[in-house]
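Report on the structure given below.
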Amino acid sequence: MQSQTFRHRVFLFILVAPAFVVLFGVVIYPFFYNIVLSLSNMNLRHIRDWRIIGFGQYVKVFTEPSQPDFYVVFVKTVIWTVVNLFFHVMLGVFLALVLNQKEIRGKAIFRAILVLPWAVPQLIVALTWRGMFNYEYGSINLMLTQWFNLPGVQWLRQPLEAFIAVIITNVWLGFPFMMVIALGALQSIPHDLYEAADIDGASWYHKLRHITIPLIQPVMVPAITLGTIWTFNNLNIVWLVSNAGEPSDQTHLMVSFVYKAAFNFYRYGYGAALSMVIFFILLIFSLTFMRKSKATQNVYS
Amino acid sequence: MVRSKKSTALRVTASYAVLMVFSLIALYPVWQIFNISLRPSNRLLSTSLELIPANASFGNYVALFTERPFLLWMLNSTLVSLTVTLTGVVLASMCGYAFSRFAFIGKKIGLLSLLVTQMFPATMLLLPMYIMLVQLHLINSYLGIVIMYSATALPFCIWQMKGYYDTIPTSLEEAGKIDGCNEFQTFYQIILPLAAPALVITALFSFMAAWTEYVVAAQILQDTELWTLPLGLKSFESNMGSEWGLYGAASVIVTIPVVVLFLSLSRWLVSGLTLGSVKE
(Lines give C-alpha, C1' and ligand atoms only; values in the text may rest on other atoms or scores of the structure.)
Protein backbone atom coordinates (compact mmCIF):
# COMPACT_ATOMS: atom_id res chain seq x y z
CA MET A 1 0.00 0.00 0.00
CA GLN A 2 2.80 2.34 0.97
CA SER A 3 4.60 1.71 -2.29
CA GLN A 4 1.42 2.31 -4.28
CA THR A 5 0.94 5.85 -2.99
CA PHE A 6 4.62 6.42 -3.59
CA ARG A 7 4.28 5.26 -7.19
CA HIS A 8 1.22 7.45 -7.59
CA ARG A 9 3.23 10.44 -6.45
CA VAL A 10 6.06 9.65 -8.83
CA PHE A 11 3.57 9.36 -11.69
CA LEU A 12 1.95 12.67 -10.78
CA PHE A 13 5.36 14.30 -10.55
CA ILE A 14 6.35 13.04 -14.01
CA LEU A 15 3.11 14.39 -15.45
CA VAL A 16 3.31 17.85 -13.95
CA ALA A 17 7.00 18.60 -13.47
CA PRO A 18 8.10 19.15 -17.10
CA ALA A 19 5.25 21.57 -17.82
CA PHE A 20 5.88 23.33 -14.54
CA VAL A 21 9.59 23.76 -15.24
CA VAL A 22 8.87 25.24 -18.66
CA LEU A 23 6.06 27.45 -17.35
CA PHE A 24 8.33 28.62 -14.57
CA GLY A 25 10.96 29.66 -17.10
CA VAL A 26 8.71 31.25 -19.69
CA VAL A 27 5.79 32.62 -17.64
CA ILE A 28 6.28 32.75 -13.89
CA TYR A 29 9.85 34.02 -13.74
CA PRO A 30 9.32 36.65 -16.50
CA PHE A 31 6.14 37.78 -14.73
CA PHE A 32 8.04 38.54 -11.53
CA TYR A 33 10.95 39.97 -13.48
CA ASN A 34 8.44 42.31 -15.12
CA ILE A 35 7.33 43.48 -11.65
CA VAL A 36 10.97 44.15 -10.77
CA LEU A 37 11.46 46.04 -14.04
CA SER A 38 8.38 48.13 -13.38
CA LEU A 39 9.98 49.28 -10.12
CA SER A 40 13.31 50.08 -11.80
CA ASN A 41 14.72 52.90 -13.89
CA MET A 42 15.86 50.68 -16.75
CA ASN A 43 15.96 52.38 -20.15
CA LEU A 44 18.43 52.88 -22.98
CA ARG A 45 20.75 54.98 -20.80
CA HIS A 46 20.52 52.72 -17.76
CA ILE A 47 20.66 49.32 -19.36
CA ARG A 48 23.37 47.80 -17.18
CA ASP A 49 23.50 50.15 -14.21
CA TRP A 50 19.75 50.04 -13.53
CA ARG A 51 18.46 50.08 -9.97
CA ILE A 52 15.20 49.86 -8.08
CA ILE A 53 13.55 53.26 -7.75
CA GLY A 54 10.17 52.30 -6.26
CA PHE A 55 6.87 53.38 -7.76
CA GLY A 56 8.30 56.20 -9.86
CA GLN A 57 7.39 54.55 -13.18
CA TYR A 58 3.79 54.02 -12.08
CA VAL A 59 3.55 57.68 -11.09
CA LYS A 60 4.93 58.55 -14.54
CA VAL A 61 2.32 56.37 -16.25
CA PHE A 62 -0.49 58.35 -14.65
CA THR A 63 1.00 61.85 -14.51
CA GLU A 64 3.63 62.26 -17.22
CA PRO A 65 2.43 64.53 -20.03
CA SER A 66 3.12 62.23 -22.97
CA GLN A 67 2.29 62.39 -26.65
CA PRO A 68 -0.23 60.78 -26.88
CA ASP A 69 -1.71 61.33 -23.44
CA PHE A 70 -2.25 58.24 -21.26
CA TYR A 71 -5.87 59.08 -20.47
CA VAL A 72 -6.71 59.74 -24.10
CA VAL A 73 -5.24 56.36 -25.01
CA PHE A 74 -7.15 54.70 -22.18
CA VAL A 75 -10.48 56.22 -23.24
CA LYS A 76 -9.75 55.27 -26.86
CA THR A 77 -9.03 51.69 -25.81
CA VAL A 78 -12.32 51.51 -23.92
CA ILE A 79 -14.21 52.93 -26.91
CA TRP A 80 -12.38 50.50 -29.20
CA THR A 81 -13.29 47.53 -27.01
CA VAL A 82 -16.94 48.51 -26.50
CA VAL A 83 -17.61 49.36 -30.16
CA ASN A 84 -15.90 46.20 -31.38
CA LEU A 85 -17.66 43.91 -28.93
CA PHE A 86 -21.02 45.55 -29.67
CA PHE A 87 -20.70 44.88 -33.40
CA HIS A 88 -19.13 41.44 -32.93
CA VAL A 89 -21.96 40.24 -30.72
CA MET A 90 -24.79 41.95 -32.60
CA LEU A 91 -23.62 40.81 -36.04
CA GLY A 92 -22.59 37.40 -34.74
CA VAL A 93 -25.87 36.61 -33.01
CA PHE A 94 -27.92 38.15 -35.82
CA LEU A 95 -26.18 36.08 -38.51
CA ALA A 96 -26.42 32.97 -36.34
CA LEU A 97 -30.18 33.50 -35.98
CA VAL A 98 -30.57 34.02 -39.73
CA LEU A 99 -28.43 31.00 -40.55
CA ASN A 100 -30.14 28.76 -38.02
CA GLN A 101 -33.62 28.99 -39.62
CA LYS A 102 -34.79 25.60 -40.82
CA GLU A 103 -35.79 26.87 -44.30
CA ILE A 104 -32.25 28.01 -45.22
CA ARG A 105 -30.41 25.76 -47.68
CA GLY A 106 -26.63 25.65 -48.10
CA LYS A 107 -25.92 26.34 -44.43
CA ALA A 108 -22.48 24.71 -44.55
CA ILE A 109 -21.38 26.90 -47.47
CA PHE A 110 -22.61 30.15 -45.91
CA ARG A 111 -21.04 29.17 -42.62
CA ALA A 112 -17.68 28.45 -44.25
CA ILE A 113 -17.69 31.76 -46.14
CA LEU A 114 -18.74 33.76 -43.09
CA VAL A 115 -15.99 32.18 -40.97
CA LEU A 116 -13.29 33.27 -43.46
CA PRO A 117 -12.45 36.60 -41.76
CA TRP A 118 -11.56 34.70 -38.60
CA ALA A 119 -9.53 32.09 -40.50
CA VAL A 120 -7.23 34.46 -42.39
CA PRO A 121 -4.07 35.26 -40.37
CA GLN A 122 -4.38 38.62 -38.61
CA LEU A 123 -1.15 39.94 -40.08
CA ILE A 124 -2.52 39.45 -43.58
CA VAL A 125 -5.94 40.83 -42.64
CA ALA A 126 -4.31 43.98 -41.27
CA LEU A 127 -1.92 44.60 -44.16
CA THR A 128 -4.56 43.89 -46.81
CA TRP A 129 -7.08 46.25 -45.19
CA ARG A 130 -4.32 48.85 -44.92
CA GLY A 131 -3.95 48.53 -48.67
CA MET A 132 -7.72 48.81 -49.12
CA PHE A 133 -7.72 52.05 -47.09
CA ASN A 134 -5.08 53.64 -49.33
CA TYR A 135 -6.28 57.08 -50.47
CA GLU A 136 -5.61 56.79 -54.20
CA TYR A 137 -5.57 53.07 -54.95
CA GLY A 138 -7.43 51.43 -52.09
CA SER A 139 -10.69 49.75 -53.05
CA ILE A 140 -12.70 51.44 -50.26
CA ASN A 141 -12.13 54.88 -51.76
CA LEU A 142 -12.47 53.54 -55.29
CA MET A 143 -15.91 52.17 -54.38
CA LEU A 144 -16.91 55.44 -52.71
CA THR A 145 -15.87 57.53 -55.71
CA GLN A 146 -16.81 55.22 -58.60
CA TRP A 147 -20.03 53.67 -57.32
CA PHE A 148 -21.47 56.31 -55.03
CA ASN A 149 -19.91 59.49 -56.40
CA LEU A 150 -18.65 60.41 -52.95
CA PRO A 151 -15.33 62.08 -52.25
CA GLY A 152 -12.51 59.75 -51.09
CA VAL A 153 -11.59 59.71 -47.42
CA GLN A 154 -8.03 60.29 -46.12
CA TRP A 155 -8.32 57.09 -44.07
CA LEU A 156 -4.80 56.71 -42.82
CA ARG A 157 -3.63 60.31 -42.48
CA GLN A 158 -6.08 61.73 -39.93
CA PRO A 159 -6.49 60.51 -36.35
CA LEU A 160 -10.26 60.02 -36.33
CA GLU A 161 -10.40 58.38 -39.75
CA ALA A 162 -7.44 56.14 -38.93
CA PHE A 163 -9.16 55.05 -35.71
CA ILE A 164 -12.34 54.26 -37.64
CA ALA A 165 -10.32 52.32 -40.22
CA VAL A 166 -8.76 50.21 -37.47
CA ILE A 167 -12.18 49.54 -35.94
CA ILE A 168 -13.72 48.56 -39.30
CA THR A 169 -10.89 46.07 -39.85
CA ASN A 170 -11.35 44.54 -36.43
CA VAL A 171 -15.14 44.35 -36.67
CA TRP A 172 -14.69 42.49 -39.94
CA LEU A 173 -12.34 39.91 -38.48
CA GLY A 174 -14.16 39.52 -35.15
CA PHE A 175 -17.82 38.78 -35.86
CA PRO A 176 -17.33 35.17 -37.07
CA PHE A 177 -16.12 34.03 -33.63
CA MET A 178 -19.31 35.23 -31.97
CA MET A 179 -21.38 33.81 -34.82
CA VAL A 180 -19.89 30.34 -34.46
CA ILE A 181 -20.36 30.41 -30.67
CA ALA A 182 -23.96 31.63 -31.00
CA LEU A 183 -24.69 29.05 -33.68
CA GLY A 184 -23.50 26.28 -31.39
CA ALA A 185 -25.63 27.61 -28.55
CA LEU A 186 -28.72 27.95 -30.76
CA GLN A 187 -28.45 24.38 -31.97
CA SER A 188 -28.53 23.09 -28.42
CA ILE A 189 -31.91 24.72 -27.67
CA PRO A 190 -34.60 22.01 -27.70
CA HIS A 191 -37.20 22.48 -30.45
CA ASP A 192 -40.20 21.68 -28.28
CA LEU A 193 -39.68 24.95 -26.41
CA TYR A 194 -40.45 26.87 -29.59
CA GLU A 195 -43.33 24.54 -30.48
CA ALA A 196 -44.85 25.10 -27.06
CA ALA A 197 -44.42 28.84 -27.52
CA ASP A 198 -46.12 28.63 -30.95
CA ILE A 199 -49.10 26.86 -29.42
CA ASP A 200 -49.33 29.65 -26.87
CA GLY A 201 -49.30 32.11 -29.78
CA ALA A 202 -46.05 33.80 -28.87
CA SER A 203 -44.65 36.37 -31.30
CA TRP A 204 -41.08 36.10 -32.63
CA TYR A 205 -40.07 38.88 -30.29
CA HIS A 206 -41.38 37.02 -27.27
CA LYS A 207 -39.62 33.84 -28.35
CA LEU A 208 -36.38 35.76 -28.80
CA ARG A 209 -36.71 37.59 -25.51
CA HIS A 210 -37.88 34.69 -23.35
CA ILE A 211 -36.39 31.57 -24.94
CA THR A 212 -33.47 32.31 -27.24
CA ILE A 213 -31.61 35.02 -25.34
CA PRO A 214 -31.79 33.45 -21.87
CA LEU A 215 -30.72 30.09 -23.26
CA ILE A 216 -27.73 31.27 -25.26
CA GLN A 217 -26.62 33.62 -22.49
CA PRO A 218 -24.61 31.08 -20.45
CA VAL A 219 -22.49 30.31 -23.53
CA MET A 220 -22.24 33.89 -24.74
CA VAL A 221 -21.05 35.37 -21.44
CA PRO A 222 -17.71 33.51 -21.29
CA ALA A 223 -17.27 34.14 -25.02
CA ILE A 224 -17.86 37.87 -24.49
CA THR A 225 -15.40 37.93 -21.59
CA LEU A 226 -12.81 36.20 -23.75
CA GLY A 227 -13.61 38.48 -26.69
CA THR A 228 -13.19 41.55 -24.50
CA ILE A 229 -9.77 40.41 -23.32
CA TRP A 230 -8.67 39.57 -26.86
CA THR A 231 -9.93 42.86 -28.28
CA PHE A 232 -8.51 44.99 -25.47
CA ASN A 233 -5.14 43.28 -25.96
CA ASN A 234 -5.11 43.05 -29.74
CA LEU A 235 -1.81 44.52 -30.83
CA ASN A 236 -1.69 43.17 -34.40
CA ILE A 237 -4.51 45.13 -35.95
CA VAL A 238 -3.85 48.60 -34.54
CA TRP A 239 -0.08 48.28 -34.99
CA LEU A 240 -0.18 47.04 -38.55
CA VAL A 241 -3.15 48.94 -39.97
CA SER A 242 -1.95 52.27 -38.57
CA ASN A 243 1.71 51.38 -39.29
CA ALA A 244 2.90 51.79 -35.66
CA GLY A 245 0.49 54.51 -34.63
CA GLU A 246 0.39 56.83 -37.65
CA PRO A 247 -0.44 59.64 -38.10
CA SER A 248 2.21 60.91 -35.64
CA ASP A 249 1.40 58.49 -32.81
CA GLN A 250 -2.23 59.53 -32.59
CA THR A 251 -3.64 56.09 -33.39
CA HIS A 252 -2.65 54.13 -30.32
CA LEU A 253 -4.39 51.69 -28.06
CA MET A 254 -2.84 50.85 -24.70
CA VAL A 255 -1.11 47.74 -26.06
CA SER A 256 0.45 49.50 -29.02
CA PHE A 257 1.38 52.48 -26.82
CA VAL A 258 3.30 50.24 -24.43
CA TYR A 259 4.85 48.23 -27.28
CA LYS A 260 6.15 51.45 -28.80
CA ALA A 261 7.45 52.77 -25.45
CA ALA A 262 9.29 49.51 -24.81
CA PHE A 263 10.65 48.58 -28.22
CA ASN A 264 10.93 51.85 -30.14
CA PHE A 265 11.88 54.18 -27.27
CA TYR A 266 13.61 51.57 -25.07
CA ARG A 267 11.79 52.77 -21.92
CA TYR A 268 11.88 49.37 -20.25
CA GLY A 269 10.92 50.38 -16.70
CA TYR A 270 8.07 52.55 -17.92
CA GLY A 271 6.87 49.85 -20.35
CA ALA A 272 6.87 47.22 -17.60
CA ALA A 273 4.83 49.49 -15.30
CA LEU A 274 2.33 50.24 -18.07
CA SER A 275 2.00 46.50 -18.80
CA MET A 276 1.10 45.93 -15.15
CA VAL A 277 -1.51 48.67 -15.27
CA ILE A 278 -3.12 47.16 -18.38
CA PHE A 279 -3.06 43.72 -16.79
CA PHE A 280 -4.81 44.93 -13.63
CA ILE A 281 -7.47 46.76 -15.63
CA LEU A 282 -8.28 43.50 -17.43
CA LEU A 283 -8.14 41.41 -14.28
CA ILE A 284 -10.58 43.67 -12.45
CA PHE A 285 -12.88 43.79 -15.45
CA SER A 286 -12.95 39.99 -15.86
CA LEU A 287 -13.59 39.34 -12.18
CA THR A 288 -16.47 41.82 -11.90
CA PHE A 289 -17.99 40.83 -15.24
CA MET A 290 -17.96 37.13 -14.45
CA ARG A 291 -19.40 37.77 -11.00
CA LYS A 292 -22.17 40.04 -12.34
CA SER A 293 -23.12 37.60 -15.07
CA LYS A 294 -23.21 34.75 -12.57
CA ALA A 295 -25.71 36.81 -10.58
CA THR A 296 -27.96 37.29 -13.62
CA GLN A 297 -27.67 33.61 -14.48
CA ASN A 298 -28.98 32.74 -11.05
CA VAL A 299 -31.96 35.02 -11.64
CA TYR A 300 -32.81 33.15 -14.83
CA SER A 301 -32.46 29.66 -13.48
CA MET B 1 -52.75 30.46 -43.57
CA VAL B 2 -52.09 31.98 -47.01
CA ARG B 3 -50.83 35.10 -45.35
CA SER B 4 -48.44 33.23 -43.09
CA LYS B 5 -47.08 31.35 -46.11
CA LYS B 6 -46.45 34.66 -47.81
CA SER B 7 -44.69 36.08 -44.78
CA THR B 8 -42.54 32.97 -44.51
CA ALA B 9 -41.49 33.37 -48.14
CA LEU B 10 -40.65 37.00 -47.46
CA ARG B 11 -38.63 36.09 -44.39
CA VAL B 12 -36.67 33.43 -46.24
CA THR B 13 -35.91 35.77 -49.15
CA ALA B 14 -34.77 38.50 -46.78
CA SER B 15 -32.61 35.95 -44.94
CA TYR B 16 -30.89 34.88 -48.14
CA ALA B 17 -30.30 38.53 -49.03
CA VAL B 18 -28.70 39.17 -45.63
CA LEU B 19 -26.50 36.07 -45.96
CA MET B 20 -25.46 37.05 -49.48
CA VAL B 21 -24.50 40.58 -48.47
CA PHE B 22 -22.44 39.42 -45.52
CA SER B 23 -20.84 36.66 -47.57
CA LEU B 24 -19.71 39.30 -50.07
CA ILE B 25 -18.34 41.44 -47.24
CA ALA B 26 -16.49 38.42 -45.84
CA LEU B 27 -15.17 37.35 -49.24
CA TYR B 28 -14.11 40.66 -50.77
CA PRO B 29 -10.91 41.35 -48.77
CA VAL B 30 -9.88 37.70 -49.15
CA TRP B 31 -10.41 37.94 -52.89
CA GLN B 32 -8.45 41.18 -52.84
CA ILE B 33 -5.35 39.31 -51.61
CA PHE B 34 -5.69 36.91 -54.53
CA ASN B 35 -6.25 39.80 -56.91
CA ILE B 36 -3.06 41.58 -55.76
CA SER B 37 -1.04 38.40 -56.21
CA LEU B 38 -2.01 38.15 -59.88
CA ARG B 39 -1.12 41.72 -60.79
CA PRO B 40 1.79 42.19 -63.18
CA SER B 41 4.33 44.74 -61.97
CA ASN B 42 3.10 47.52 -64.24
CA ARG B 43 -0.44 47.30 -62.83
CA LEU B 44 0.32 47.06 -59.10
CA LEU B 45 -1.32 50.37 -58.41
CA SER B 46 -4.50 50.41 -60.39
CA THR B 47 -7.63 52.45 -59.90
CA SER B 48 -9.86 49.81 -61.36
CA LEU B 49 -12.19 47.65 -59.29
CA GLU B 50 -12.10 44.66 -61.65
CA LEU B 51 -12.11 41.32 -59.86
CA ILE B 52 -9.35 39.79 -61.97
CA PRO B 53 -6.62 42.22 -63.02
CA ALA B 54 -5.92 42.76 -66.72
CA ASN B 55 -2.89 40.76 -67.92
CA ALA B 56 -3.15 38.56 -64.82
CA SER B 57 -0.11 36.33 -64.37
CA PHE B 58 1.50 34.02 -61.88
CA GLY B 59 4.78 35.92 -62.24
CA ASN B 60 4.77 37.00 -58.59
CA TYR B 61 4.57 33.38 -57.42
CA VAL B 62 7.49 32.41 -59.61
CA ALA B 63 9.51 35.42 -58.43
CA LEU B 64 8.93 34.48 -54.79
CA PHE B 65 10.71 31.19 -55.20
CA THR B 66 13.32 32.13 -57.79
CA GLU B 67 14.35 35.66 -56.77
CA ARG B 68 13.57 35.73 -53.07
CA PRO B 69 14.52 33.49 -50.11
CA PHE B 70 10.86 32.58 -49.70
CA LEU B 71 11.53 28.85 -49.60
CA LEU B 72 14.09 29.40 -46.84
CA TRP B 73 11.59 31.43 -44.79
CA MET B 74 9.07 28.67 -45.29
CA LEU B 75 11.52 26.09 -43.94
CA ASN B 76 12.37 28.39 -41.00
CA SER B 77 8.71 28.84 -40.19
CA THR B 78 8.08 25.11 -40.43
CA LEU B 79 11.00 24.34 -38.13
CA VAL B 80 9.97 26.92 -35.50
CA SER B 81 6.29 26.02 -35.63
CA LEU B 82 6.94 22.27 -35.42
CA THR B 83 9.21 22.67 -32.39
CA VAL B 84 6.70 24.86 -30.56
CA THR B 85 3.88 22.47 -31.39
CA LEU B 86 5.76 19.40 -30.27
CA THR B 87 6.81 20.92 -26.95
CA GLY B 88 3.33 22.29 -26.33
CA VAL B 89 1.47 19.10 -27.09
CA VAL B 90 3.78 16.72 -25.23
CA LEU B 91 3.85 18.83 -22.08
CA ALA B 92 0.16 19.74 -22.25
CA SER B 93 -1.05 16.19 -22.81
CA MET B 94 0.70 15.14 -19.59
CA CYS B 95 0.01 18.16 -17.44
CA GLY B 96 -3.60 18.47 -18.66
CA TYR B 97 -4.23 14.88 -17.61
CA ALA B 98 -3.00 15.58 -14.08
CA PHE B 99 -5.22 18.67 -13.90
CA SER B 100 -8.21 16.70 -15.10
CA ARG B 101 -7.88 13.61 -12.90
CA PHE B 102 -5.88 14.12 -9.74
CA ALA B 103 -5.96 16.27 -6.66
CA PHE B 104 -2.67 17.88 -5.72
CA ILE B 105 -1.38 20.89 -3.88
CA GLY B 106 -1.59 24.05 -5.94
CA LYS B 107 -3.98 22.59 -8.53
CA LYS B 108 -6.61 25.27 -8.16
CA ILE B 109 -4.08 28.09 -8.17
CA GLY B 110 -2.31 26.48 -11.12
CA LEU B 111 -5.48 26.32 -13.22
CA LEU B 112 -6.43 29.86 -12.30
CA SER B 113 -2.98 31.19 -13.17
CA LEU B 114 -3.18 29.54 -16.58
CA LEU B 115 -6.40 31.47 -17.15
CA VAL B 116 -4.89 34.70 -15.85
CA THR B 117 -2.03 34.52 -18.36
CA GLN B 118 -4.65 35.07 -21.05
CA MET B 119 -5.11 38.58 -19.63
CA PHE B 120 -1.47 39.54 -20.05
CA PRO B 121 -0.96 42.27 -22.62
CA ALA B 122 1.54 41.24 -25.32
CA THR B 123 4.36 43.20 -23.71
CA MET B 124 3.85 41.70 -20.26
CA LEU B 125 6.00 38.66 -21.04
CA LEU B 126 7.63 39.92 -24.22
CA LEU B 127 9.52 42.75 -22.53
CA PRO B 128 11.09 40.85 -19.60
CA MET B 129 11.77 37.85 -21.85
CA TYR B 130 13.36 40.09 -24.44
CA ILE B 131 15.75 41.51 -21.84
CA MET B 132 16.46 38.01 -20.52
CA LEU B 133 17.13 36.71 -24.03
CA VAL B 134 19.51 39.61 -24.68
CA GLN B 135 21.41 38.73 -21.51
CA LEU B 136 21.52 35.06 -22.51
CA HIS B 137 22.60 35.97 -26.07
CA LEU B 138 19.54 34.23 -27.48
CA ILE B 139 18.32 37.17 -29.55
CA ASN B 140 18.41 36.38 -33.23
CA SER B 141 18.13 32.65 -32.58
CA TYR B 142 15.45 30.02 -33.04
CA LEU B 143 15.76 28.93 -29.44
CA GLY B 144 14.77 32.45 -28.39
CA ILE B 145 11.67 32.53 -30.55
CA VAL B 146 10.65 28.99 -29.59
CA ILE B 147 10.85 29.95 -25.90
CA MET B 148 8.73 33.05 -26.55
CA TYR B 149 6.05 31.12 -28.46
CA SER B 150 5.91 28.39 -25.84
CA ALA B 151 5.06 31.01 -23.23
CA THR B 152 1.88 31.88 -25.10
CA ALA B 153 1.03 28.42 -26.47
CA LEU B 154 1.48 26.23 -23.42
CA PRO B 155 -1.19 27.63 -21.05
CA PHE B 156 -3.76 27.48 -23.83
CA CYS B 157 -2.75 23.91 -24.80
CA ILE B 158 -3.05 22.72 -21.20
CA TRP B 159 -6.56 24.17 -20.91
CA GLN B 160 -7.59 22.55 -24.19
CA MET B 161 -6.28 19.13 -23.16
CA LYS B 162 -7.73 19.32 -19.67
CA GLY B 163 -11.13 20.22 -21.13
CA TYR B 164 -11.05 17.17 -23.37
CA TYR B 165 -9.85 14.73 -20.68
CA ASP B 166 -12.77 15.94 -18.56
CA THR B 167 -15.17 14.48 -21.14
CA ILE B 168 -13.60 11.00 -20.96
CA PRO B 169 -15.35 8.91 -18.27
CA THR B 170 -13.19 7.91 -15.28
CA SER B 171 -14.67 4.41 -15.39
CA LEU B 172 -12.12 3.65 -18.11
CA GLU B 173 -9.29 4.08 -15.65
CA GLU B 174 -11.02 1.78 -13.18
CA ALA B 175 -11.43 -0.82 -15.92
CA GLY B 176 -7.75 -0.48 -16.70
CA LYS B 177 -6.87 -0.99 -13.07
CA ILE B 178 -8.93 -4.18 -12.91
CA ASP B 179 -7.13 -5.45 -15.99
CA GLY B 180 -3.86 -5.00 -14.11
CA CYS B 181 -2.53 -1.84 -15.74
CA ASN B 182 -0.62 0.58 -13.56
CA GLU B 183 -1.44 4.28 -13.74
CA PHE B 184 1.15 5.02 -16.36
CA GLN B 185 -0.02 2.18 -18.64
CA THR B 186 -3.63 3.27 -18.22
CA PHE B 187 -2.70 6.77 -19.25
CA TYR B 188 -0.76 6.03 -22.38
CA GLN B 189 -2.48 2.85 -23.53
CA ILE B 190 -6.11 3.73 -22.81
CA ILE B 191 -6.64 7.45 -22.24
CA LEU B 192 -4.11 9.00 -24.61
CA PRO B 193 -5.38 7.15 -27.71
CA LEU B 194 -8.91 8.28 -26.83
CA ALA B 195 -7.71 11.85 -26.59
CA ALA B 196 -6.23 11.70 -30.10
CA PRO B 197 -8.69 14.23 -31.57
CA ALA B 198 -7.81 16.75 -28.87
CA LEU B 199 -4.09 16.14 -29.46
CA VAL B 200 -4.46 16.76 -33.17
CA ILE B 201 -6.51 19.91 -32.69
CA THR B 202 -4.27 21.36 -30.00
CA ALA B 203 -1.28 20.63 -32.22
CA LEU B 204 -2.77 22.23 -35.30
CA PHE B 205 -3.83 25.36 -33.49
CA SER B 206 -0.49 25.95 -31.87
CA PHE B 207 1.14 25.28 -35.22
CA MET B 208 -1.03 27.87 -36.93
CA ALA B 209 -0.41 30.44 -34.20
CA ALA B 210 3.37 30.14 -34.58
CA TRP B 211 3.08 30.01 -38.39
CA THR B 212 1.41 33.43 -38.59
CA GLU B 213 2.93 35.34 -35.65
CA TYR B 214 4.59 38.65 -36.47
CA VAL B 215 4.92 41.06 -33.52
CA VAL B 216 7.15 38.86 -31.36
CA ALA B 217 9.22 37.59 -34.27
CA ALA B 218 9.92 41.19 -35.33
CA GLN B 219 11.75 41.80 -32.04
CA ILE B 220 13.63 38.52 -31.83
CA LEU B 221 14.72 37.61 -35.36
CA GLN B 222 16.85 40.21 -37.12
CA ASP B 223 18.84 38.50 -39.91
CA THR B 224 16.92 37.93 -43.13
CA GLU B 225 18.24 34.36 -43.27
CA LEU B 226 16.58 33.60 -39.95
CA TRP B 227 13.24 35.25 -40.79
CA THR B 228 9.98 33.39 -40.58
CA LEU B 229 7.25 33.81 -43.21
CA PRO B 230 5.37 36.69 -41.50
CA LEU B 231 8.55 38.80 -41.36
CA GLY B 232 9.26 38.20 -45.03
CA LEU B 233 5.67 38.97 -45.89
CA LYS B 234 5.74 42.27 -43.99
CA SER B 235 8.96 43.26 -45.74
CA PHE B 236 7.18 43.01 -49.12
CA GLU B 237 4.31 45.17 -47.96
CA SER B 238 6.19 48.42 -47.17
CA ASN B 239 3.29 50.75 -47.92
CA MET B 240 2.22 49.36 -51.28
CA GLY B 241 5.67 49.75 -52.81
CA SER B 242 7.07 47.93 -55.79
CA GLU B 243 6.78 44.53 -54.08
CA TRP B 244 3.04 44.74 -53.44
CA GLY B 245 2.49 41.88 -55.89
CA LEU B 246 4.97 39.65 -54.05
CA TYR B 247 3.12 40.50 -50.83
CA GLY B 248 -0.11 39.24 -52.41
CA ALA B 249 1.44 36.00 -53.64
CA ALA B 250 3.19 35.31 -50.34
CA SER B 251 -0.05 35.99 -48.46
CA VAL B 252 -1.99 33.55 -50.61
CA ILE B 253 0.59 30.82 -50.00
CA VAL B 254 0.64 31.46 -46.24
CA THR B 255 -3.14 31.74 -45.96
CA ILE B 256 -4.37 28.73 -47.94
CA PRO B 257 -3.18 25.96 -45.59
CA VAL B 258 -4.30 27.96 -42.55
CA VAL B 259 -7.78 28.58 -43.94
CA VAL B 260 -8.23 24.95 -44.97
CA LEU B 261 -7.20 23.71 -41.51
CA PHE B 262 -9.27 26.35 -39.82
CA LEU B 263 -12.47 25.63 -41.68
CA SER B 264 -12.21 21.95 -40.88
CA LEU B 265 -11.40 22.61 -37.21
CA SER B 266 -13.35 25.71 -36.16
CA ARG B 267 -16.15 23.63 -34.66
CA TRP B 268 -13.63 21.84 -32.44
CA LEU B 269 -11.85 24.97 -31.31
CA VAL B 270 -15.10 26.50 -30.15
CA SER B 271 -16.20 23.42 -28.24
CA GLY B 272 -12.78 23.41 -26.55
CA LEU B 273 -13.07 27.06 -25.60
CA THR B 274 -16.55 26.83 -24.21
CA LEU B 275 -15.89 23.55 -22.42
CA GLY B 276 -12.93 25.13 -20.73
CA SER B 277 -14.67 28.30 -19.70
CA VAL B 278 -18.22 27.16 -18.93
CA LYS B 279 -17.09 24.53 -16.45
CA GLU B 280 -16.70 25.71 -12.92
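Each chain of the C-alpha coordinates is named A, B, ... in the order shown, its residues numbered from 1; ligands are numbered from 1 in display order.
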Applying 12 Å and only C-alpha atoms, which residues near region 235-239 of chain A remain after dropping the ones on its own chain fewer than 6 positions away? List them as JSON, numbers by chain.
{"A": [76, 77, 80, 121, 122, 123, 124, 125, 126, 127, 128, 129, 130, 156, 162, 163, 164, 165, 166, 167, 168, 169, 170, 171, 172, 173, 174, 229, 245, 246, 247, 249, 250, 251, 252, 253, 254, 255, 256, 257, 258, 259, 260], "B": [120, 121, 122, 123, 212, 213, 214, 215, 216, 218, 230]}
If you run DSSP over the backbone, which residues in region 102-213 of chain A end up alpha helix (DSSP H)? Put them as a PyMOL selection string.
chain A and resi 107-119+122-132+139-148+159-187+191-199+204-207+213
Exercise: region 23-34 of chain B partners within 10 Å, only C-alpha atoms, chain neighbours under 5 positions left out, as a ChimeraX atom specification:
/A:109-118,120,124-125,127-129,131-132,139,172-173,176 /B:17-18,39,49,51-52,245,247-253,255
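Between Thr231 (chain A) and the candidates A:Thr63, A:Asn34, A:Gln158, A:Thr81, the tightest atom-to-atom separation, counting only C-alpha atoms, involves A:Thr81.
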For CA of Leu154 (chain B) and CA of Thr87 (chain B), determine how far apart the two atoms are, in Å to one decimal place.
8.3 Å
